[in-house]
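What follows is work38.txt (compact mmCIF, N, CA and C atoms).
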```txt
# COMPACT_ATOMS: atom_id res chain seq x y z
N MET H 1 0.84 -1.17 0.00
CA MET H 1 0.00 0.00 0.00
C MET H 1 0.89 1.24 0.00
N LEU H 2 0.45 2.25 -0.72
CA LEU H 2 1.19 3.49 -0.82
C LEU H 2 0.88 4.40 0.36
N GLU H 3 1.90 4.88 1.03
CA GLU H 3 1.71 5.78 2.16
C GLU H 3 2.41 7.10 1.86
N PHE H 4 1.73 8.18 2.22
CA PHE H 4 2.32 9.50 2.03
C PHE H 4 2.99 9.94 3.32
N GLY H 5 4.09 10.62 3.17
CA GLY H 5 4.81 11.14 4.32
C GLY H 5 5.51 12.44 3.94
N LEU H 6 6.27 12.96 4.87
CA LEU H 6 6.98 14.21 4.63
C LEU H 6 7.97 14.09 3.47
N ARG H 7 8.47 12.91 3.22
CA ARG H 7 9.44 12.74 2.14
C ARG H 7 8.80 12.95 0.77
N HIS H 8 7.48 12.95 0.70
CA HIS H 8 6.78 13.17 -0.56
C HIS H 8 6.51 14.65 -0.83
N LEU H 9 6.70 15.50 0.15
CA LEU H 9 6.39 16.92 -0.03
C LEU H 9 7.15 17.57 -1.19
N PRO H 10 8.44 17.28 -1.39
CA PRO H 10 9.11 17.88 -2.56
C PRO H 10 8.47 17.46 -3.88
N LEU H 11 8.03 16.21 -3.98
CA LEU H 11 7.38 15.77 -5.21
C LEU H 11 6.02 16.44 -5.39
N VAL H 12 5.29 16.60 -4.31
CA VAL H 12 4.00 17.29 -4.40
C VAL H 12 4.22 18.74 -4.80
N GLY H 13 5.20 19.40 -4.20
CA GLY H 13 5.49 20.79 -4.55
C GLY H 13 5.94 20.94 -5.99
N ALA H 14 6.82 20.04 -6.44
CA ALA H 14 7.27 20.09 -7.83
C ALA H 14 6.10 19.84 -8.77
N GLY H 15 5.24 18.92 -8.41
CA GLY H 15 4.06 18.65 -9.23
C GLY H 15 3.13 19.84 -9.31
N ALA H 16 2.94 20.53 -8.19
CA ALA H 16 2.08 21.72 -8.18
C ALA H 16 2.67 22.81 -9.07
N LEU H 17 3.97 22.98 -9.01
CA LEU H 17 4.63 23.98 -9.86
C LEU H 17 4.48 23.63 -11.34
N VAL H 18 4.75 22.39 -11.68
CA VAL H 18 4.64 21.96 -13.08
C VAL H 18 3.18 22.03 -13.54
N GLY H 19 2.25 21.66 -12.67
CA GLY H 19 0.83 21.74 -13.01
C GLY H 19 0.39 23.16 -13.29
N ALA H 20 0.88 24.10 -12.49
CA ALA H 20 0.55 25.52 -12.72
C ALA H 20 1.18 26.01 -14.02
N LEU H 21 2.43 25.65 -14.25
CA LEU H 21 3.11 26.08 -15.48
C LEU H 21 2.48 25.44 -16.71
N ALA H 22 2.00 24.22 -16.58
CA ALA H 22 1.38 23.53 -17.71
C ALA H 22 0.07 24.19 -18.12
N SER H 23 -0.58 24.88 -17.21
CA SER H 23 -1.83 25.53 -17.55
C SER H 23 -1.63 26.91 -18.18
N LEU H 24 -0.40 27.42 -18.18
CA LEU H 24 -0.14 28.74 -18.73
C LEU H 24 -0.48 28.89 -20.21
N PRO H 25 -0.19 27.92 -21.08
CA PRO H 25 -0.59 28.11 -22.48
C PRO H 25 -2.09 28.37 -22.65
N LEU H 26 -2.89 27.66 -21.88
CA LEU H 26 -4.33 27.86 -21.96
C LEU H 26 -4.73 29.24 -21.44
N VAL H 27 -4.10 29.67 -20.38
CA VAL H 27 -4.40 30.99 -19.81
C VAL H 27 -3.98 32.08 -20.79
N LEU H 28 -2.81 31.92 -21.41
CA LEU H 28 -2.33 32.93 -22.36
C LEU H 28 -3.22 33.04 -23.59
N VAL H 29 -3.85 31.96 -23.98
CA VAL H 29 -4.79 32.00 -25.11
C VAL H 29 -6.13 32.60 -24.68
N LEU H 30 -6.54 32.33 -23.46
CA LEU H 30 -7.84 32.79 -22.96
C LEU H 30 -7.86 34.26 -22.58
N GLU H 31 -6.79 34.77 -22.02
CA GLU H 31 -6.78 36.13 -21.48
C GLU H 31 -7.13 37.20 -22.52
N PRO H 32 -6.54 37.20 -23.72
CA PRO H 32 -6.94 38.23 -24.70
C PRO H 32 -8.41 38.13 -25.11
N VAL H 33 -8.96 36.93 -25.08
CA VAL H 33 -10.37 36.75 -25.40
C VAL H 33 -11.23 37.38 -24.31
N LEU H 34 -10.84 37.18 -23.05
CA LEU H 34 -11.59 37.77 -21.95
C LEU H 34 -11.52 39.29 -21.96
N ARG H 35 -10.40 39.83 -22.38
CA ARG H 35 -10.24 41.29 -22.46
C ARG H 35 -10.94 41.90 -23.68
N GLY H 36 -11.40 41.05 -24.59
CA GLY H 36 -12.09 41.54 -25.77
C GLY H 36 -11.15 41.99 -26.88
N ARG H 37 -9.89 41.66 -26.80
CA ARG H 37 -8.92 42.08 -27.81
C ARG H 37 -8.80 41.07 -28.94
N ARG H 38 -9.35 39.88 -28.78
CA ARG H 38 -9.21 38.83 -29.78
C ARG H 38 -10.44 37.94 -29.74
N GLU H 39 -10.80 37.45 -30.92
CA GLU H 39 -11.90 36.48 -31.00
C GLU H 39 -11.40 35.11 -30.54
N ALA H 40 -12.28 34.33 -30.02
CA ALA H 40 -11.92 32.97 -29.61
C ALA H 40 -11.56 32.15 -30.85
N SER H 41 -10.54 31.33 -30.72
CA SER H 41 -10.07 30.51 -31.84
C SER H 41 -9.98 29.06 -31.38
N PHE H 42 -10.73 28.20 -32.06
CA PHE H 42 -10.70 26.78 -31.73
C PHE H 42 -9.31 26.21 -31.96
N GLY H 43 -8.64 26.65 -33.01
CA GLY H 43 -7.30 26.15 -33.32
C GLY H 43 -6.29 26.51 -32.25
N LYS H 44 -6.29 27.78 -31.84
CA LYS H 44 -5.35 28.20 -30.79
C LYS H 44 -5.65 27.53 -29.47
N GLY H 45 -6.93 27.40 -29.14
CA GLY H 45 -7.31 26.73 -27.90
C GLY H 45 -6.93 25.27 -27.92
N GLY H 46 -7.15 24.61 -29.05
CA GLY H 46 -6.78 23.20 -29.17
C GLY H 46 -5.28 22.99 -29.08
N LEU H 47 -4.52 23.89 -29.71
CA LEU H 47 -3.05 23.79 -29.64
C LEU H 47 -2.57 24.01 -28.20
N ALA H 48 -3.14 25.01 -27.53
CA ALA H 48 -2.76 25.27 -26.13
C ALA H 48 -3.11 24.07 -25.24
N LEU H 49 -4.25 23.46 -25.49
CA LEU H 49 -4.65 22.28 -24.73
C LEU H 49 -3.68 21.13 -24.99
N ALA H 50 -3.27 20.95 -26.23
CA ALA H 50 -2.33 19.88 -26.57
C ALA H 50 -0.97 20.11 -25.91
N VAL H 51 -0.51 21.36 -25.89
CA VAL H 51 0.76 21.67 -25.23
C VAL H 51 0.66 21.40 -23.74
N SER H 52 -0.43 21.82 -23.12
CA SER H 52 -0.63 21.57 -21.69
C SER H 52 -0.62 20.08 -21.39
N PHE H 53 -1.35 19.33 -22.17
CA PHE H 53 -1.42 17.89 -21.96
C PHE H 53 -0.04 17.25 -22.14
N ALA H 54 0.69 17.68 -23.16
CA ALA H 54 2.02 17.12 -23.42
C ALA H 54 2.97 17.40 -22.26
N VAL H 55 2.92 18.60 -21.72
CA VAL H 55 3.78 18.94 -20.57
C VAL H 55 3.41 18.10 -19.36
N LEU H 56 2.13 17.98 -19.08
CA LEU H 56 1.68 17.17 -17.94
C LEU H 56 2.08 15.71 -18.10
N LEU H 57 1.84 15.15 -19.26
CA LEU H 57 2.15 13.74 -19.49
C LEU H 57 3.65 13.49 -19.46
N ALA H 58 4.42 14.32 -20.15
CA ALA H 58 5.88 14.13 -20.20
C ALA H 58 6.50 14.26 -18.81
N SER H 59 6.05 15.25 -18.06
CA SER H 59 6.62 15.44 -16.72
C SER H 59 6.27 14.25 -15.82
N PHE H 60 5.04 13.76 -15.92
CA PHE H 60 4.67 12.61 -15.11
C PHE H 60 5.49 11.38 -15.49
N LEU H 61 5.66 11.14 -16.78
CA LEU H 61 6.42 9.97 -17.21
C LEU H 61 7.87 10.04 -16.75
N VAL H 62 8.47 11.23 -16.81
CA VAL H 62 9.86 11.38 -16.34
C VAL H 62 9.95 11.07 -14.85
N VAL H 63 9.02 11.62 -14.08
CA VAL H 63 9.03 11.37 -12.63
C VAL H 63 8.75 9.91 -12.33
N TYR H 64 7.87 9.28 -13.09
CA TYR H 64 7.58 7.86 -12.88
C TYR H 64 8.81 7.01 -13.14
N VAL H 65 9.54 7.33 -14.20
CA VAL H 65 10.76 6.57 -14.51
C VAL H 65 11.81 6.76 -13.41
N LEU H 66 11.90 7.98 -12.88
CA LEU H 66 12.91 8.26 -11.87
C LEU H 66 12.53 7.77 -10.47
N PHE H 67 11.25 7.86 -10.11
CA PHE H 67 10.83 7.61 -8.74
C PHE H 67 9.84 6.46 -8.57
N GLY H 68 9.40 5.85 -9.64
CA GLY H 68 8.46 4.74 -9.53
C GLY H 68 7.12 5.16 -8.97
N TYR H 69 6.62 4.38 -8.03
CA TYR H 69 5.29 4.64 -7.48
C TYR H 69 5.19 5.92 -6.67
N ASP H 70 6.31 6.50 -6.30
CA ASP H 70 6.27 7.80 -5.62
C ASP H 70 5.76 8.90 -6.55
N ALA H 71 5.65 8.58 -7.83
CA ALA H 71 5.12 9.55 -8.79
C ALA H 71 3.66 9.89 -8.51
N VAL H 72 2.99 9.08 -7.70
CA VAL H 72 1.61 9.39 -7.32
C VAL H 72 1.57 10.72 -6.57
N ALA H 73 2.55 10.98 -5.74
CA ALA H 73 2.63 12.26 -5.02
C ALA H 73 2.81 13.41 -6.01
N PHE H 74 3.64 13.19 -7.02
CA PHE H 74 3.84 14.19 -8.07
C PHE H 74 2.53 14.45 -8.81
N ALA H 75 1.81 13.37 -9.13
CA ALA H 75 0.53 13.51 -9.83
C ALA H 75 -0.48 14.30 -9.00
N ALA H 76 -0.48 14.07 -7.69
CA ALA H 76 -1.37 14.84 -6.82
C ALA H 76 -1.02 16.33 -6.88
N GLY H 77 0.27 16.63 -6.90
CA GLY H 77 0.70 18.02 -7.05
C GLY H 77 0.32 18.59 -8.40
N LEU H 78 0.45 17.79 -9.47
CA LEU H 78 0.05 18.26 -10.81
C LEU H 78 -1.41 18.68 -10.82
N VAL H 79 -2.24 17.83 -10.27
CA VAL H 79 -3.68 18.13 -10.25
C VAL H 79 -3.95 19.37 -9.40
N ALA H 80 -3.31 19.46 -8.25
CA ALA H 80 -3.52 20.62 -7.37
C ALA H 80 -3.09 21.92 -8.05
N GLY H 81 -1.92 21.94 -8.66
CA GLY H 81 -1.45 23.15 -9.34
C GLY H 81 -2.36 23.54 -10.48
N PHE H 82 -2.78 22.57 -11.27
CA PHE H 82 -3.67 22.83 -12.40
C PHE H 82 -5.00 23.40 -11.92
N VAL H 83 -5.56 22.79 -10.87
CA VAL H 83 -6.86 23.24 -10.35
C VAL H 83 -6.77 24.63 -9.74
N VAL H 84 -5.68 24.94 -9.04
CA VAL H 84 -5.53 26.27 -8.43
C VAL H 84 -5.50 27.35 -9.51
N VAL H 85 -4.77 27.11 -10.59
CA VAL H 85 -4.72 28.11 -11.66
C VAL H 85 -6.09 28.29 -12.29
N TRP H 86 -6.79 27.19 -12.54
CA TRP H 86 -8.10 27.33 -13.16
C TRP H 86 -9.15 27.87 -12.20
N LEU H 87 -8.96 27.70 -10.92
CA LEU H 87 -9.82 28.36 -9.95
C LEU H 87 -9.60 29.87 -10.02
N ALA H 88 -8.34 30.29 -10.14
CA ALA H 88 -8.04 31.72 -10.28
C ALA H 88 -8.63 32.28 -11.57
N VAL H 89 -8.58 31.51 -12.64
CA VAL H 89 -9.18 31.95 -13.91
C VAL H 89 -10.71 32.06 -13.75
N ALA H 90 -11.31 31.11 -13.07
CA ALA H 90 -12.77 31.17 -12.87
C ALA H 90 -13.15 32.41 -12.05
N ILE H 91 -12.38 32.72 -11.04
CA ILE H 91 -12.65 33.92 -10.25
C ILE H 91 -12.48 35.16 -11.11
N ARG H 92 -11.46 35.16 -11.97
CA ARG H 92 -11.23 36.29 -12.89
C ARG H 92 -12.43 36.47 -13.81
N VAL H 93 -12.99 35.38 -14.33
CA VAL H 93 -14.14 35.46 -15.22
C VAL H 93 -15.36 35.96 -14.46
N ILE H 94 -15.55 35.50 -13.24
CA ILE H 94 -16.69 35.95 -12.45
C ILE H 94 -16.60 37.44 -12.16
N MET H 95 -15.38 37.96 -11.98
CA MET H 95 -15.18 39.37 -11.63
C MET H 95 -15.19 40.30 -12.85
N LEU H 96 -15.37 39.76 -14.07
CA LEU H 96 -15.39 40.61 -15.25
C LEU H 96 -16.46 41.68 -15.11
N PRO H 97 -16.16 42.86 -15.61
CA PRO H 97 -17.18 43.95 -15.52
C PRO H 97 -18.35 43.72 -16.43
```
Write-out of the structure in structure tokens:
Amino acid sequence: MLEFGLRHLPLVGAGALVGALASLPLVLVLEPVLRGRREASFGKGGLALAVSFAVLLASFLVVYVLFGYDAVAFAAGLVAGFVVVWLAVAIRVIMLP
């Protein structure tokens, strides 16, 4: 059985950082649309989504190869970082004038 402990905190933190950074392409495509400076583009959004997914998948695979089952802690951090950024984006959208 997998147990979490203090030794997993660096992996969780690294995962949260990578998860937040992986969501940046999507945020960078969305922000000009929210400001009204650009029309929404399915192509740009799809490309940003593909880049985000590739970063998340590649980073997880590297950590899995290096750390084995401890990569679960990294995955938890990935999800947390990704969700925190999108929570901030949701709050930004709610606060639009």
Q: List the neighbours of segment 87-93 of chain H out to 9 Å using only C-alpha atoms; skip same-chain residues closer than 3 positions along the sequence, and give me the result as an MDAnalysis selection string.
A: chainID H and resid 27 31 34 82:84 96
Q.
Residues near Ala80 of chain H, anyone? I mean within 9 Å using only C-alpha atoms, not counting same-chain ones fewer than 2 positions away, as number ranges by chain.
A. H: 12, 15-16, 19-20, 75-78, 82-85
Filtering to N, CA and C atoms, could you give me those residues as a PDB file, in the frame of the given file?
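Saved to out_21.pdb:
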```
ATOM      1  N   VAL H  12       5.290  16.600  -4.310  1.00  0.00           N
ATOM      2  CA  VAL H  12       4.000  17.290  -4.400  1.00  0.00           C
ATOM      3  C   VAL H  12       4.220  18.740  -4.800  1.00  0.00           C
ATOM      4  N   GLY H  15       5.240  18.920  -8.410  1.00  0.00           N
ATOM      5  CA  GLY H  15       4.060  18.650  -9.230  1.00  0.00           C
ATOM      6  C   GLY H  15       3.130  19.840  -9.310  1.00  0.00           C
ATOM      7  N   ALA H  16       2.940  20.530  -8.190  1.00  0.00           N
ATOM      8  CA  ALA H  16       2.080  21.720  -8.180  1.00  0.00           C
ATOM      9  C   ALA H  16       2.670  22.810  -9.070  1.00  0.00           C
ATOM     10  N   GLY H  19       2.250  21.660 -12.670  1.00  0.00           N
ATOM     11  CA  GLY H  19       0.830  21.740 -13.010  1.00  0.00           C
ATOM     12  C   GLY H  19       0.390  23.160 -13.290  1.00  0.00           C
ATOM     13  N   ALA H  20       0.880  24.100 -12.490  1.00  0.00           N
ATOM     14  CA  ALA H  20       0.550  25.520 -12.720  1.00  0.00           C
ATOM     15  C   ALA H  20       1.180  26.010 -14.020  1.00  0.00           C
ATOM     16  N   ALA H  75       1.810  13.370  -9.130  1.00  0.00           N
ATOM     17  CA  ALA H  75       0.530  13.510  -9.830  1.00  0.00           C
ATOM     18  C   ALA H  75      -0.480  14.300  -9.000  1.00  0.00           C
ATOM     19  N   ALA H  76      -0.480  14.070  -7.690  1.00  0.00           N
ATOM     20  CA  ALA H  76      -1.370  14.840  -6.820  1.00  0.00           C
ATOM     21  C   ALA H  76      -1.020  16.330  -6.880  1.00  0.00           C
ATOM     22  N   GLY H  77       0.270  16.630  -6.900  1.00  0.00           N
ATOM     23  CA  GLY H  77       0.700  18.020  -7.050  1.00  0.00           C
ATOM     24  C   GLY H  77       0.320  18.590  -8.400  1.00  0.00           C
ATOM     25  N   LEU H  78       0.450  17.790  -9.470  1.00  0.00           N
ATOM     26  CA  LEU H  78       0.050  18.260 -10.810  1.00  0.00           C
ATOM     27  C   LEU H  78      -1.410  18.680 -10.820  1.00  0.00           C
ATOM     28  N   PHE H  82      -2.780  22.570 -11.270  1.00  0.00           N
ATOM     29  CA  PHE H  82      -3.670  22.830 -12.400  1.00  0.00           C
ATOM     30  C   PHE H  82      -5.000  23.400 -11.920  1.00  0.00           C
ATOM     31  N   VAL H  83      -5.560  22.790 -10.870  1.00  0.00           N
ATOM     32  CA  VAL H  83      -6.860  23.240 -10.350  1.00  0.00           C
ATOM     33  C   VAL H  83      -6.770  24.630  -9.740  1.00  0.00           C
ATOM     34  N   VAL H  84      -5.680  24.940  -9.040  1.00  0.00           N
ATOM     35  CA  VAL H  84      -5.530  26.270  -8.430  1.00  0.00           C
ATOM     36  C   VAL H  84      -5.500  27.350  -9.510  1.00  0.00           C
ATOM     37  N   VAL H  85      -4.770  27.110 -10.590  1.00  0.00           N
ATOM     38  CA  VAL H  85      -4.720  28.110 -11.660  1.00  0.00           C
ATOM     39  C   VAL H  85      -6.090  28.290 -12.290  1.00  0.00           C
TER      40      VAL H  85
END
```
Q: Could you tell me how far atom C of Leu17 of chain H lies from atom C of Gly36 of chain H, in Å and to one decimal?
A: 28.7 Å
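What separates atom C of Val79 of chain H from atom CA of Ala50 of chain H is a distance of 17.3 Å.
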Q. Counting only N, CA and C atoms, what is within 8 Å of Leu24 of chain H, bar same-chain residues fewer than 6 positions away, as a list in words?
A.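 Near neighbours after the sequence-gap exclusion: Val18, Leu30, Ala48, Ser52 and Val85 of chain H.
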(Q) Please compute the atom CA of Leu26 of chain H-atom CA of Val65 of chain H distance, one decimal, in Å. (A)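 Separating atom CA of Leu26 of chain H from atom CA of Val65 of chain H is a distance of 27.1 Å.
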Q: Would you mind listing what lies within 12 Å of Tyr64 of chain H as a list in words, with only C-alpha atoms counted and same-chain residues fewer than 6 positions away left out?
A: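 Answer for this query is Leu11, Gly15, Leu57, Ala58, Asp70, Ala71, Val72, Ala73, Phe74 and Ala75 of chain H.
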